[in-house]
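For reference, input_9.cif is printed below; it contains mmCIF, C-alpha atoms and all ligand atoms.
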data_work
loop_
_atom_site.label_atom_id
_atom_site.label_comp_id
_atom_site.auth_asym_id
_atom_site.auth_seq_id
_atom_site.Cartn_x
_atom_site.Cartn_y
_atom_site.Cartn_z
CA MET A 1 4.04 25.45 -7.95
CA LYS A 2 3.56 23.97 -11.44
CA LYS A 3 0.45 21.83 -11.56
CA GLU A 4 2.13 18.78 -13.05
CA LEU A 5 2.53 15.32 -11.64
CA LEU A 6 4.67 12.47 -12.92
CA VAL A 7 2.92 9.22 -12.01
CA ILE A 8 5.17 6.16 -11.90
CA GLY A 9 3.10 2.97 -11.85
CA ALA A 10 -0.21 3.35 -13.66
CA GLY A 11 -2.18 0.72 -11.76
CA ASN A 12 -5.10 1.00 -9.36
CA ILE A 13 -3.52 3.73 -7.25
CA GLY A 14 -1.52 5.54 -9.95
CA ARG A 15 -4.45 5.86 -12.36
CA GLY A 16 -7.35 5.60 -9.98
CA VAL A 17 -6.54 7.36 -6.73
CA ILE A 18 -3.51 9.62 -7.10
CA GLY A 19 -3.95 10.28 -10.83
CA GLY A 20 -7.67 10.81 -10.33
CA LEU A 21 -7.50 13.19 -7.37
CA PHE A 22 -4.68 15.29 -8.85
CA PHE A 23 -6.46 15.43 -12.21
CA GLU A 24 -9.66 16.57 -10.51
CA SER A 25 -7.62 19.26 -8.77
CA GLY A 26 -6.26 20.70 -12.02
CA TYR A 27 -3.01 18.79 -12.42
CA HIS A 28 -1.67 17.63 -15.77
CA LEU A 29 -0.45 14.03 -15.48
CA TYR A 30 2.57 12.38 -17.07
CA ILE A 31 2.09 8.64 -16.83
CA TYR A 32 4.78 5.95 -16.89
CA ASP A 33 4.50 2.20 -16.33
CA ILE A 34 6.70 -0.75 -17.28
CA MET A 35 3.79 -2.32 -19.16
CA GLU A 36 4.85 -0.90 -22.50
CA GLU A 37 2.08 -2.31 -24.72
CA ARG A 38 -0.66 -1.39 -22.32
CA MET A 39 0.69 2.14 -22.05
CA LYS A 40 0.68 2.45 -25.85
CA GLN A 41 -2.99 1.49 -25.79
CA LEU A 42 -3.71 4.04 -23.07
CA LYS A 43 -1.99 6.70 -25.12
CA GLU A 44 -4.11 5.81 -28.16
CA GLN A 45 -7.27 5.79 -26.08
CA GLY A 46 -6.46 9.25 -24.70
CA THR A 47 -8.85 9.14 -21.74
CA TYR A 48 -9.80 6.73 -18.97
CA LEU A 49 -12.65 6.31 -16.56
CA ILE A 50 -12.61 6.22 -12.80
CA GLU A 51 -15.62 4.87 -10.99
CA ARG A 52 -15.74 6.23 -7.45
CA VAL A 53 -17.97 4.10 -5.28
CA GLY A 54 -19.37 5.17 -1.93
CA ALA A 55 -21.63 3.40 0.56
CA ASN A 56 -24.59 5.44 -0.72
CA ASN A 57 -23.63 6.91 -4.06
CA LYS A 58 -21.32 6.56 -7.06
CA ARG A 59 -19.64 9.05 -9.33
CA ARG A 60 -17.68 8.77 -12.56
CA VAL A 61 -14.62 10.78 -13.53
CA LEU A 62 -13.25 10.89 -17.07
CA VAL A 63 -9.54 11.63 -16.92
CA ASP A 64 -8.46 13.39 -20.10
CA ASP A 65 -5.55 15.66 -19.23
CA PHE A 66 -2.50 13.42 -19.41
CA ASP A 67 0.45 12.36 -21.52
CA VAL A 68 1.64 8.79 -21.54
CA LEU A 69 5.43 8.61 -21.69
CA ASP A 70 7.35 6.41 -24.08
CA CYS A 71 7.58 3.31 -21.90
CA SER A 72 9.78 1.24 -24.23
CA ASP A 73 12.79 2.23 -22.12
CA THR A 74 13.56 4.74 -19.36
CA VAL A 75 14.85 7.64 -21.49
CA ASP A 76 11.57 9.53 -21.53
CA LEU A 77 11.00 8.75 -17.85
CA ILE A 78 14.36 10.25 -16.87
CA GLU A 79 13.68 13.31 -19.09
CA HIS A 80 10.46 13.91 -17.16
CA MET A 81 12.14 13.30 -13.79
CA LYS A 82 14.47 16.14 -14.77
CA LYS A 83 11.66 18.59 -15.47
CA VAL A 84 8.63 17.72 -13.38
CA ASP A 85 8.92 18.82 -9.75
CA LEU A 86 6.42 16.36 -8.26
CA ILE A 87 6.62 12.60 -8.68
CA ALA A 88 4.22 9.98 -7.29
CA CYS A 89 5.57 6.44 -7.07
CA CYS A 90 2.55 4.12 -7.06
CA VAL A 91 4.29 0.76 -7.21
CA TYR A 92 5.24 -2.22 -5.06
CA GLU A 93 8.64 -2.56 -3.38
CA GLY A 94 10.17 -4.53 -6.25
CA ALA A 95 10.24 -1.34 -8.36
CA PHE A 96 12.11 0.82 -5.83
CA GLN A 97 15.65 0.03 -6.95
CA SER A 98 15.08 0.81 -10.62
CA ILE A 99 13.24 4.03 -9.78
CA CYS A 100 16.20 5.15 -7.63
CA GLN A 101 18.59 4.29 -10.44
CA ASN A 102 16.63 6.52 -12.83
CA LEU A 103 16.27 9.26 -10.24
CA LYS A 104 20.05 9.33 -9.84
CA GLU A 105 20.50 10.52 -13.42
CA ALA A 106 17.74 13.07 -13.09
CA ILE A 107 19.13 14.41 -9.81
CA GLU A 108 22.58 14.86 -11.33
CA TYR A 109 21.03 16.85 -14.16
CA ARG A 110 18.86 18.90 -11.80
CA THR A 111 21.94 19.69 -9.72
CA GLU A 112 23.81 21.03 -12.76
CA GLN A 113 20.80 23.10 -13.76
CA GLU A 114 20.29 24.36 -10.21
CA ALA A 115 16.72 23.23 -10.65
CA ALA A 116 13.81 23.79 -8.29
CA PRO A 117 13.18 21.37 -5.42
CA LEU A 118 11.76 17.97 -6.27
CA ASN A 119 9.22 16.13 -4.15
CA ILE A 120 8.85 12.38 -4.39
CA LEU A 121 5.62 10.98 -3.02
CA LEU A 122 5.88 7.34 -2.01
CA CYS A 123 2.30 6.15 -2.34
CA VAL A 124 2.97 2.69 -1.00
CA ASN A 125 2.07 0.38 1.87
CA ALA A 126 5.66 -0.85 2.05
CA LEU A 127 7.27 -0.13 5.40
CA GLY A 128 10.44 1.95 5.50
CA ALA A 129 10.13 3.18 1.90
CA PRO A 130 11.47 6.73 2.58
CA ASP A 131 14.48 5.27 4.41
CA TYR A 132 15.14 2.98 1.46
CA PHE A 133 15.00 5.86 -1.05
CA GLU A 134 17.14 8.14 1.12
CA THR A 135 19.82 5.49 1.65
CA GLU A 136 19.82 4.17 -1.90
CA LEU A 137 19.99 7.62 -3.49
CA ALA A 138 22.73 8.74 -1.10
CA LYS A 139 24.72 5.64 -2.09
CA LEU A 140 24.17 6.16 -5.82
CA LEU A 141 25.21 9.82 -5.57
CA GLN A 142 28.09 9.40 -3.14
CA ASN A 143 30.74 10.30 -5.71
CA ASN A 144 29.01 13.53 -6.64
CA PRO A 145 29.19 16.00 -3.73
CA ALA A 146 27.03 18.66 -5.40
CA ALA A 147 24.28 16.16 -6.20
CA SER A 148 24.51 14.73 -2.68
CA ARG A 149 23.93 18.24 -1.36
CA TYR A 150 21.00 18.76 -3.72
CA LEU A 151 19.56 15.47 -2.47
CA LYS A 152 19.77 16.60 1.16
CA GLU A 153 18.60 20.13 0.65
CA LYS A 154 16.18 20.09 -2.24
CA ILE A 155 14.58 16.69 -2.43
CA GLY A 156 11.57 15.82 -0.32
CA ILE A 157 11.09 12.09 0.02
CA CYS A 158 7.66 11.71 1.53
CA GLN A 159 5.70 8.75 2.76
CA VAL A 160 2.11 8.98 1.61
CA MET A 161 -0.70 7.22 3.45
CA VAL A 162 -3.13 6.18 0.74
CA GLY A 163 -6.29 5.69 2.74
CA MET A 164 -8.50 4.91 -0.22
CA ALA A 165 -8.85 1.44 -1.71
CA ALA A 166 -8.68 1.02 -5.49
CA MET A 167 -9.26 -2.09 -7.53
CA PRO A 168 -9.89 -3.42 -11.03
CA SER A 169 -13.34 -2.50 -12.33
CA SER A 170 -16.18 -4.91 -13.11
CA GLU A 171 -16.18 -6.80 -16.42
CA GLU A 172 -19.02 -4.59 -17.68
CA LEU A 173 -17.08 -1.43 -17.02
CA ILE A 174 -13.88 -2.86 -18.49
CA ALA A 175 -15.86 -3.68 -21.64
CA GLU A 176 -16.76 0.01 -21.81
CA ASP A 177 -13.23 1.22 -21.03
CA ALA A 178 -10.27 -1.15 -20.84
CA PHE A 179 -8.50 1.29 -18.47
CA ALA A 180 -11.37 1.86 -16.09
CA VAL A 181 -10.49 1.65 -12.43
CA THR A 182 -12.75 1.54 -9.40
CA THR A 183 -11.96 3.33 -6.16
CA LYS A 184 -13.69 4.16 -2.92
CA LEU A 185 -15.43 7.51 -2.93
CA ASP A 186 -14.50 8.44 0.60
CA GLY A 187 -11.02 8.26 2.05
CA HIS A 188 -8.00 10.43 2.58
CA ILE A 189 -4.48 10.82 1.26
CA GLY A 190 -1.95 11.90 3.90
CA ILE A 191 1.40 13.30 2.78
CA ASP A 192 4.18 13.39 5.35
CA GLU A 193 4.65 17.14 5.54
CA GLU A 194 7.96 17.24 7.41
CA PRO A 195 10.24 16.25 4.49
CA PHE A 196 8.11 18.00 1.84
CA LYS A 197 9.91 20.92 0.20
CA GLY A 198 7.72 23.99 -0.34
CA GLU A 199 3.98 24.20 -0.14
CA LEU A 200 1.93 21.03 -0.16
CA PRO A 201 -0.17 20.51 -3.29
CA GLN A 202 -3.77 21.62 -2.96
CA VAL A 203 -5.59 18.45 -3.88
CA LYS A 204 -9.02 17.05 -3.02
CA GLN A 205 -9.19 14.65 -0.09
CA THR A 206 -5.45 15.17 0.41
CA GLY A 207 -3.52 16.88 3.17
CA GLY A 208 -0.39 16.92 5.24
CA VAL A 209 0.23 14.60 8.16
CA GLN A 210 2.84 14.56 10.87
CA LYS A 211 5.06 11.66 11.93
CA GLY A 212 4.64 10.09 8.50
CA LYS A 213 7.20 7.37 9.09
CA ALA A 214 5.28 6.25 12.20
CA GLN A 215 1.89 6.72 10.54
CA ILE A 216 2.63 4.13 7.88
CA TYR A 217 3.29 1.55 10.60
CA ARG A 218 -0.04 2.40 12.13
CA LYS A 219 -1.81 2.19 8.77
CA VAL A 220 -0.29 -1.16 7.80
CA TYR A 221 -0.30 -2.81 11.25
CA THR A 222 -3.89 -1.84 12.06
CA GLY A 223 -5.81 -0.82 8.90
CA ASN A 224 -4.23 -3.08 6.29
CA MET A 225 -3.96 -5.91 8.80
CA LYS A 226 -7.70 -5.64 9.51
CA HIS A 227 -8.48 -5.57 5.80
CA CYS A 228 -6.36 -8.64 5.12
CA MET A 229 -7.71 -10.53 8.13
CA LEU A 230 -11.24 -10.01 6.78
CA ALA A 231 -10.03 -11.72 3.61
CA PHE A 232 -8.25 -14.60 5.41
CA LEU A 233 -11.23 -15.35 7.66
CA GLY A 234 -13.77 -14.62 4.94
CA LYS A 235 -12.14 -17.08 2.58
CA ALA A 236 -12.31 -19.80 5.24
CA LYS A 237 -16.04 -19.09 5.51
CA GLY A 238 -16.51 -19.41 1.75
CA TYR A 239 -16.99 -15.74 0.92
CA THR A 240 -15.39 -13.85 -1.98
CA TYR A 241 -15.56 -10.09 -1.33
CA ILE A 242 -14.88 -7.91 1.70
CA ARG A 243 -18.53 -6.84 1.70
CA ASP A 244 -19.58 -10.50 2.21
CA THR A 245 -17.97 -10.40 5.67
CA TYR A 246 -19.93 -7.41 6.93
CA ASP A 247 -22.76 -9.37 8.54
CA ASP A 248 -20.62 -12.11 10.01
CA GLY A 249 -20.44 -11.44 13.74
CA TRP A 250 -17.65 -13.95 14.36
CA ILE A 251 -15.42 -12.34 11.74
CA GLU A 252 -16.17 -8.89 13.10
CA ASP A 253 -15.29 -9.90 16.68
CA CYS A 254 -12.02 -11.53 15.67
CA VAL A 255 -10.93 -8.74 13.38
CA LEU A 256 -11.79 -5.99 15.85
CA GLY A 257 -9.94 -7.96 18.52
CA ALA A 258 -6.83 -7.97 16.33
CA PHE A 259 -7.29 -4.31 15.44
CA PHE A 260 -7.37 -3.20 19.08
CA GLU A 261 -4.38 -5.36 20.03
CA ALA A 262 -2.34 -3.84 17.20
CA ASP A 263 -3.65 -0.36 17.96
CA ALA A 264 -2.64 -0.64 21.63
CA ALA A 265 0.86 -1.76 20.64
CA ILE A 266 1.21 1.05 18.10
CA GLN A 267 0.03 3.60 20.65
CA ALA A 268 2.53 2.29 23.20
CA GLU A 269 5.31 2.52 20.64
CA TYR A 270 4.55 5.81 18.89
CA GLN A 271 2.24 7.77 21.25
CA PHE A 272 0.04 9.57 18.74
CA ASP A 273 -1.88 12.34 20.46
CA GLU A 274 -5.35 11.41 21.69
CA THR A 275 -7.30 13.38 19.05
CA ASP A 276 -5.27 11.92 16.24
CA HIS A 277 -5.55 8.45 17.77
CA GLN A 278 -9.34 8.67 18.10
CA GLU A 279 -9.66 10.02 14.53
CA TRP A 280 -7.71 7.02 13.27
CA ILE A 281 -9.90 4.54 15.18
CA ASP A 282 -13.01 6.25 13.80
CA PHE A 283 -11.60 6.27 10.25
CA ILE A 284 -11.04 2.51 10.35
CA VAL A 285 -13.66 1.14 12.72
CA GLU A 286 -16.52 3.52 11.94
CA ALA A 287 -15.96 3.53 8.17
CA PRO A 288 -19.33 3.08 6.47
CA LYS A 289 -19.92 -0.48 5.32
CA ASN A 290 -19.57 -0.06 1.60
CA ARG A 291 -21.76 -2.77 0.12
CA ASN A 292 -21.49 -1.30 -3.38
CA LEU A 293 -17.79 -2.06 -3.60
CA LYS A 294 -16.66 -5.48 -4.83
CA ASP A 295 -13.22 -5.62 -3.23
CA ALA A 296 -12.09 -9.19 -3.85
CA PHE A 297 -10.07 -11.26 -1.36
CA THR A 298 -7.80 -12.18 -4.28
CA ARG A 299 -6.62 -8.55 -4.31
CA VAL A 300 -6.73 -7.76 -0.61
CA ALA A 301 -4.85 -10.91 0.47
CA ALA A 302 -2.63 -11.10 -2.62
CA ASP A 303 0.87 -12.44 -2.01
CA PRO A 304 0.35 -13.84 1.51
CA LYS A 305 4.06 -14.65 1.61
CA THR A 306 4.77 -10.95 1.96
CA LYS A 307 1.78 -10.34 4.18
CA LEU A 308 2.77 -13.09 6.65
CA SER A 309 6.44 -12.09 6.70
CA ARG A 310 8.16 -10.93 9.88
CA ASP A 311 7.91 -7.17 9.47
CA ASN A 312 4.59 -7.08 7.69
CA ARG A 313 1.00 -6.58 8.76
CA PHE A 314 0.48 -9.52 11.14
CA VAL A 315 3.78 -10.63 12.64
CA GLY A 316 4.99 -7.02 12.86
CA PRO A 317 2.18 -5.91 15.20
CA ALA A 318 2.17 -9.26 17.03
CA LEU A 319 5.85 -8.79 17.92
CA LEU A 320 5.16 -5.20 18.90
CA CYS A 321 2.40 -6.47 21.19
CA MET A 322 4.83 -8.90 22.83
CA LYS A 323 7.29 -6.04 23.34
CA HIS A 324 4.61 -4.01 25.11
CA HIS A 325 3.18 -6.92 27.13
CA ILE A 326 -0.05 -7.20 25.15
CA LEU A 327 -1.17 -10.71 24.26
CA PRO A 328 -1.62 -10.91 20.45
CA PHE A 329 -4.38 -13.50 20.71
CA TYR A 330 -6.44 -12.37 17.73
CA LEU A 331 -3.42 -11.37 15.65
CA ALA A 332 -2.20 -14.95 16.06
CA LYS A 333 -5.61 -16.09 14.80
CA GLY A 334 -5.19 -13.87 11.75
CA ILE A 335 -1.81 -15.43 11.07
CA ALA A 336 -3.24 -18.93 11.50
CA TYR A 337 -5.95 -18.24 8.93
CA GLY A 338 -3.26 -16.81 6.65
CA PHE A 339 -1.64 -20.24 6.64
CA LEU A 340 -4.98 -21.72 5.56
CA TYR A 341 -5.59 -19.12 2.86
CA ARG A 342 -5.42 -20.69 -0.57
CA ASP A 343 -6.34 -19.03 -3.84
CA GLU A 344 -5.58 -21.12 -6.93
CA SER A 345 -4.56 -17.98 -8.85
CA ASP A 346 -2.06 -16.86 -6.20
CA ILE A 347 1.21 -18.78 -6.35
CA ALA A 348 2.39 -17.55 -2.96
CA SER A 349 -0.73 -18.98 -1.28
CA ILE A 350 -0.22 -22.29 -3.06
CA GLU A 351 3.40 -22.45 -1.95
CA ILE A 352 2.53 -21.71 1.68
CA THR A 353 -0.36 -24.16 1.97
CA ASN A 354 1.66 -26.89 0.25
CA TYR A 355 4.56 -26.20 2.59
CA VAL A 356 2.34 -26.55 5.66
CA LYS A 357 1.00 -29.84 4.33
CA GLU A 358 4.48 -31.20 3.75
CA HIS A 359 6.42 -29.80 6.73
CA GLY A 360 3.82 -28.90 9.32
CA ILE A 361 2.70 -25.58 10.76
CA GLU A 362 5.62 -25.11 13.18
CA LYS A 363 8.24 -25.20 10.44
CA ALA A 364 6.05 -23.01 8.22
CA ILE A 365 5.84 -20.35 10.94
CA GLU A 366 9.62 -20.32 11.17
CA VAL A 367 10.09 -20.11 7.41
CA TYR A 368 7.35 -17.64 6.43
CA CYS A 369 7.02 -15.53 9.60
CA GLY A 370 10.73 -15.60 10.37
CA LEU A 371 10.11 -16.33 14.06
CA THR A 372 13.04 -17.67 16.02
CA GLU A 373 13.28 -20.13 18.92
CA ASN A 374 13.34 -17.22 21.36
CA GLU A 375 9.95 -16.11 20.09
CA TRP A 376 8.38 -19.36 21.24
CA GLU A 377 5.37 -17.72 22.92
CA LEU A 378 4.12 -16.21 19.67
CA LYS A 379 4.93 -19.37 17.75
CA GLN A 380 2.92 -21.49 20.18
CA LEU A 381 0.03 -19.05 20.10
CA ILE A 382 -0.13 -19.24 16.31
CA MET A 383 0.10 -23.03 16.40
CA ALA A 384 -2.77 -23.23 18.89
CA GLN A 385 -4.88 -20.89 16.76
CA TYR A 386 -4.05 -22.91 13.67
CA LYS A 387 -5.24 -26.12 15.38
CA GLU A 388 -8.53 -24.42 16.21
CA ALA A 389 -8.85 -22.91 12.75
CA GLU A 390 -8.38 -26.29 11.08
CA LYS A 391 -11.31 -27.66 13.12
CA ILE A 392 -13.64 -24.76 12.39
CA ARG A 393 -12.89 -24.53 8.70
N1 LIG A 401 -4.93 -0.64 -4.36
C1 LIG A 401 -5.10 -0.11 -3.15
O1 LIG A 401 -6.22 -0.07 -2.59
C2 LIG A 401 -3.92 0.50 -2.43
C3 LIG A 401 -4.20 1.41 -1.39
C4 LIG A 401 -3.15 1.96 -0.71
C5 LIG A 401 -1.86 1.71 -1.07
N2 LIG A 401 -1.63 0.84 -2.09
C6 LIG A 401 -0.22 0.66 -2.47
O2 LIG A 401 -0.04 1.32 -3.71
C7 LIG A 401 0.96 0.65 -4.48
C8 LIG A 401 0.38 0.29 -5.85
O3 LIG A 401 -0.74 -0.56 -5.66
P1 LIG A 401 -1.77 -0.80 -6.85
O4 LIG A 401 -2.97 -1.39 -6.23
O5 LIG A 401 -1.88 0.41 -7.67
O6 LIG A 401 -1.00 -1.93 -7.66
P2 LIG A 401 -1.14 -2.24 -9.22
O7 LIG A 401 -0.52 -3.58 -9.40
O8 LIG A 401 -2.51 -2.00 -9.67
O9 LIG A 401 -0.19 -1.13 -9.90
C9 LIG A 401 1.19 -1.14 -9.82
C10 LIG A 401 1.72 -0.74 -11.18
O10 LIG A 401 3.13 -0.56 -11.09
C11 LIG A 401 3.68 -0.98 -12.32
N3 LIG A 401 5.11 -1.16 -12.14
C12 LIG A 401 5.78 -2.21 -11.64
N4 LIG A 401 7.10 -1.97 -11.67
C13 LIG A 401 7.27 -0.73 -12.17
C14 LIG A 401 8.40 0.09 -12.46
N5 LIG A 401 9.63 -0.31 -12.20
N6 LIG A 401 8.17 1.30 -12.99
C15 LIG A 401 6.93 1.71 -13.26
N7 LIG A 401 5.83 0.99 -13.03
C16 LIG A 401 6.00 -0.21 -12.49
C17 LIG A 401 2.90 -2.22 -12.65
O11 LIG A 401 3.03 -2.56 -14.02
C18 LIG A 401 1.50 -1.81 -12.25
O12 LIG A 401 0.77 -1.26 -13.33
C19 LIG A 401 1.39 -0.55 -3.65
O13 LIG A 401 2.54 -0.20 -2.92
C20 LIG A 401 0.20 -0.77 -2.72
O14 LIG A 401 0.56 -1.40 -1.51
C21 LIG A 401 -2.63 0.23 -2.78
O1 LIG A 402 -1.88 -3.26 -1.76
P1 LIG A 402 -1.40 -4.18 -0.68
O2 LIG A 402 -1.15 -5.57 -1.17
O3 LIG A 402 -0.28 -3.61 0.12
O4 LIG A 402 -2.63 -4.29 0.34
C1 LIG A 402 -3.91 -4.70 -0.08
C2 LIG A 402 -4.96 -3.77 0.51
O5 LIG A 402 -5.04 -3.90 1.90
C3 LIG A 402 -4.64 -2.34 0.22
O6 LIG A 402 -4.41 -2.17 -1.15
C4 LIG A 402 -5.78 -1.44 0.70
O7 LIG A 402 -6.87 -1.52 -0.14
C5 LIG A 402 -5.34 0.00 0.84
O8 LIG A 402 -4.13 0.11 1.51
C6 LIG A 402 -6.43 0.86 1.43
O9 LIG A 402 -5.97 1.68 2.41
#
How does this structure look as structure tokens?
Ligand SMILES: NC(=O)c1ccc[n+]([C@@H]2O[C@H](COP(=O)([O-])OP(=O)(O)OC[C@H]3O[C@@H](n4cnc5c(N)ncnc54)[C@H](O)[C@@H]3O)[C@@H](O)[C@H]2O)c1
Ligand SMILES: O=P(O)(O)OC[C@@H](O)[C@@H](O)[C@H](O)[C@H](O)CO
Amino acid sequence: MKKELLVIGAGNIGRGVIGGLFFESGYHLYIYDIMEERMKQLKEQGTYLIERVGANNKRRVLVDDFDVLDCSDTVDLIEHMKKVDLIACCVYEGAFQSICQNLKEAIEYRTEQEAAPLNILLCVNALGAPDYFETELAKLLQNNPAASRYLKEKIGICQVMVGMAAMPSSEELIAEDAFAVTTKLDGHIGIDEEPFKGELPQVKQTGGVQKGKAQIYRKVYTGNMKHCMLAFLGKAKGYTYIRDTYDDGWIEDCVLGAFFEADAAIQAEYQFDETDHQEWIDFIVEAPKNRNLKDAFTRVAADPKTKLSRDNRFVGPALLCMKHHILPFYLAKGIAYGFLYRDESDIASIEITNYVKEHGIEKAIEVYCGLTENEWELKQLIMAQYKEAEKIR
């Protein structure tokens, strides 16, 4: 396999985690992002720094084997989609449609050329991303039978579990390198191996996983939920970074409570085998407390409108708990603190907290969590937790 990777979305994950690990494993990167001016600057700069921060040590990586595409339009992007056999999409959900639109053109070309298989790595926390890509591409290619066949037979659309946090670097480091990005040192990247065409790339801290579509639910409903709940509760306690919550026993109890509720529901739904299940618990619960990492609540809890929505990291597992007769007591607490979370730089948090003030918590739960009258038990649980949370805050 050619050691080339087209990275779409050159943010924390695209530059820092995926770009960094593939670069360190001998891959040449092609980088594309919609931020045209910034990409021009990156091209001029020619290198960028990654700071990998562990609980006990740090390490720097200077990435210098990449080309930045012409990001003024999508011509160059599509040209590279035609030729590079491995693509990593490191973006949020809002970018999916336009990426599919561009992929359509590339797939038609690849079909004509009888090109090699193409693997698309969806390095996202969004739920149902592979299904979205499969359906959208099938729709876009429906009038081209040969390309539809190529899509089915030669394109691997793979969920990737990015189990490694990445964030903007400190001001000091940014002064040194405007494109520096900070990531955790430990962690693991899991590629859903079932849809992958050919041999998996040999990349550091990266490997294949099974049941990828189920794994992303587990990651988001337990791991990302826990992370975000630390931020919601931590903010109420006046902290700023995830590390500030590490010695707070109350936060730890609540967050672990929510984790194990969600984990039990996920296990009931997806039945991961016991070894895999225990490894996941250890990965999340026993992760070393990384006090060197300044992971800000502003990043972790960003866009609480999405995070509190029906299928996302709190209401999703809470509903799954109800389905499996598990009381989502602590998950409801997480949701309640989500309704109290306010960050003056985050418009979604301002909208939500203003809405609660104006219309009350019950209406807010209906609007933002999408809970219906039939789901009255969960609604009442969240309302009760909110009442408590207001007193404690
Ligand atoms: N940061 C983390 O710790 C982390 C860990 C695991 C998974 N994730 C997931 O990875 C994805 C990226 O997160 P991030 O932290 O890198 O975000 P980010 O905001 O740092 O980077 C996203 C980048 O995508 C670019 N972009 C937006 N629309 C685009 C388009 N149409 N084409 C190309 N580029 C486009 C943005 O300009 C931005 O540079 C998200 O789905 C996130 O949930 C993040
Ligand atoms: O990027 P988001 O908004 O989906 O989630 C914020 C964080 O929880 C997330 O980026 C984690 O750091 C990451 O998923 C680590 O596994």
Next item on the list: Please identify every polymer residue within 9 Å of ligand LIG 401 (chain A), using only C-alpha atoms and all ligand atoms, and present the set as a PyMOL selection string.
Entry: chain A and resi 7-17+32-36+71+89-99+122-126+160-168+183-184+224+295+299-300
Please save C-alpha atoms of the selected residues as an mmCIF file, in the coordinates of the input.
data_model
loop_
_atom_site.group_PDB
_atom_site.id
_atom_site.type_symbol
_atom_site.label_atom_id
_atom_site.label_comp_id
_atom_site.auth_asym_id
_atom_site.auth_seq_id
_atom_site.Cartn_x
_atom_site.Cartn_y
_atom_site.Cartn_z
ATOM 1 C CA VAL A 7 2.920 9.220 -12.010
ATOM 2 C CA ILE A 8 5.170 6.160 -11.900
ATOM 3 C CA GLY A 9 3.100 2.970 -11.850
ATOM 4 C CA ALA A 10 -0.210 3.350 -13.660
ATOM 5 C CA GLY A 11 -2.180 0.720 -11.760
ATOM 6 C CA ASN A 12 -5.100 1.000 -9.360
ATOM 7 C CA ILE A 13 -3.520 3.730 -7.250
ATOM 8 C CA GLY A 14 -1.520 5.540 -9.950
ATOM 9 C CA ARG A 15 -4.450 5.860 -12.360
ATOM 10 C CA GLY A 16 -7.350 5.600 -9.980
ATOM 11 C CA VAL A 17 -6.540 7.360 -6.730
ATOM 12 C CA TYR A 32 4.780 5.950 -16.890
ATOM 13 C CA ASP A 33 4.500 2.200 -16.330
ATOM 14 C CA ILE A 34 6.700 -0.750 -17.280
ATOM 15 C CA MET A 35 3.790 -2.320 -19.160
ATOM 16 C CA GLU A 36 4.850 -0.900 -22.500
ATOM 17 C CA CYS A 71 7.580 3.310 -21.900
ATOM 18 C CA CYS A 89 5.570 6.440 -7.070
ATOM 19 C CA CYS A 90 2.550 4.120 -7.060
ATOM 20 C CA VAL A 91 4.290 0.760 -7.210
ATOM 21 C CA TYR A 92 5.240 -2.220 -5.060
ATOM 22 C CA GLU A 93 8.640 -2.560 -3.380
ATOM 23 C CA GLY A 94 10.170 -4.530 -6.250
ATOM 24 C CA ALA A 95 10.240 -1.340 -8.360
ATOM 25 C CA PHE A 96 12.110 0.820 -5.830
ATOM 26 C CA GLN A 97 15.650 0.030 -6.950
ATOM 27 C CA SER A 98 15.080 0.810 -10.620
ATOM 28 C CA ILE A 99 13.240 4.030 -9.780
ATOM 29 C CA LEU A 122 5.880 7.340 -2.010
ATOM 30 C CA CYS A 123 2.300 6.150 -2.340
ATOM 31 C CA VAL A 124 2.970 2.690 -1.000
ATOM 32 C CA ASN A 125 2.070 0.380 1.870
ATOM 33 C CA ALA A 126 5.660 -0.850 2.050
ATOM 34 C CA VAL A 160 2.110 8.980 1.610
ATOM 35 C CA MET A 161 -0.700 7.220 3.450
ATOM 36 C CA VAL A 162 -3.130 6.180 0.740
ATOM 37 C CA GLY A 163 -6.290 5.690 2.740
ATOM 38 C CA MET A 164 -8.500 4.910 -0.220
ATOM 39 C CA ALA A 165 -8.850 1.440 -1.710
ATOM 40 C CA ALA A 166 -8.680 1.020 -5.490
ATOM 41 C CA MET A 167 -9.260 -2.090 -7.530
ATOM 42 C CA PRO A 168 -9.890 -3.420 -11.030
ATOM 43 C CA THR A 183 -11.960 3.330 -6.160
ATOM 44 C CA LYS A 184 -13.690 4.160 -2.920
ATOM 45 C CA ASN A 224 -4.230 -3.080 6.290
ATOM 46 C CA ASP A 295 -13.220 -5.620 -3.230
ATOM 47 C CA ARG A 299 -6.620 -8.550 -4.310
ATOM 48 C CA VAL A 300 -6.730 -7.760 -0.610
#
Checklist line | Ile251 in chain A surroundings by only C-alpha atoms, 8 Å radius, close-in-sequence under 3 positions cut, as JSON, numbers by chain | finding: {"A": [230, 233, 234, 245, 248, 254, 255]}
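From CA of Val61 in chain A back to CA of Phe196 in chain A, the distance works out to 28.4 Å.
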Check: Quick one: of A:Ser72, A:Lys289, A:Ala55, A:Lys357, who's nearest to Lys40 in chain A, counting only C-alpha atoms?
Finding: A:Ser72
Check: Neighbours of Glu134 in chain A within 9 Å (all atoms listed in the file; same-chain residues fewer than 4 positions away dropped), as a VMD selection string?
Finding: chain A and resid 129 to 130 138 to 139 151 to 152 157
Keeping C-alpha atoms, export the residues of the selection given above as a PDB file, in the frame of the given file.
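result.pdb was written with the following content:
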ATOM      1  CA  ALA A 129      10.130   3.180   1.900  1.00  0.00           C
ATOM      2  CA  PRO A 130      11.470   6.730   2.580  1.00  0.00           C
ATOM      3  CA  ALA A 138      22.730   8.740  -1.100  1.00  0.00           C
ATOM      4  CA  LYS A 139      24.720   5.640  -2.090  1.00  0.00           C
ATOM      5  CA  LEU A 151      19.560  15.470  -2.470  1.00  0.00           C
ATOM      6  CA  LYS A 152      19.770  16.600   1.160  1.00  0.00           C
ATOM      7  CA  ILE A 157      11.090  12.090   0.020  1.00  0.00           C
TER       8      ILE A 157
END
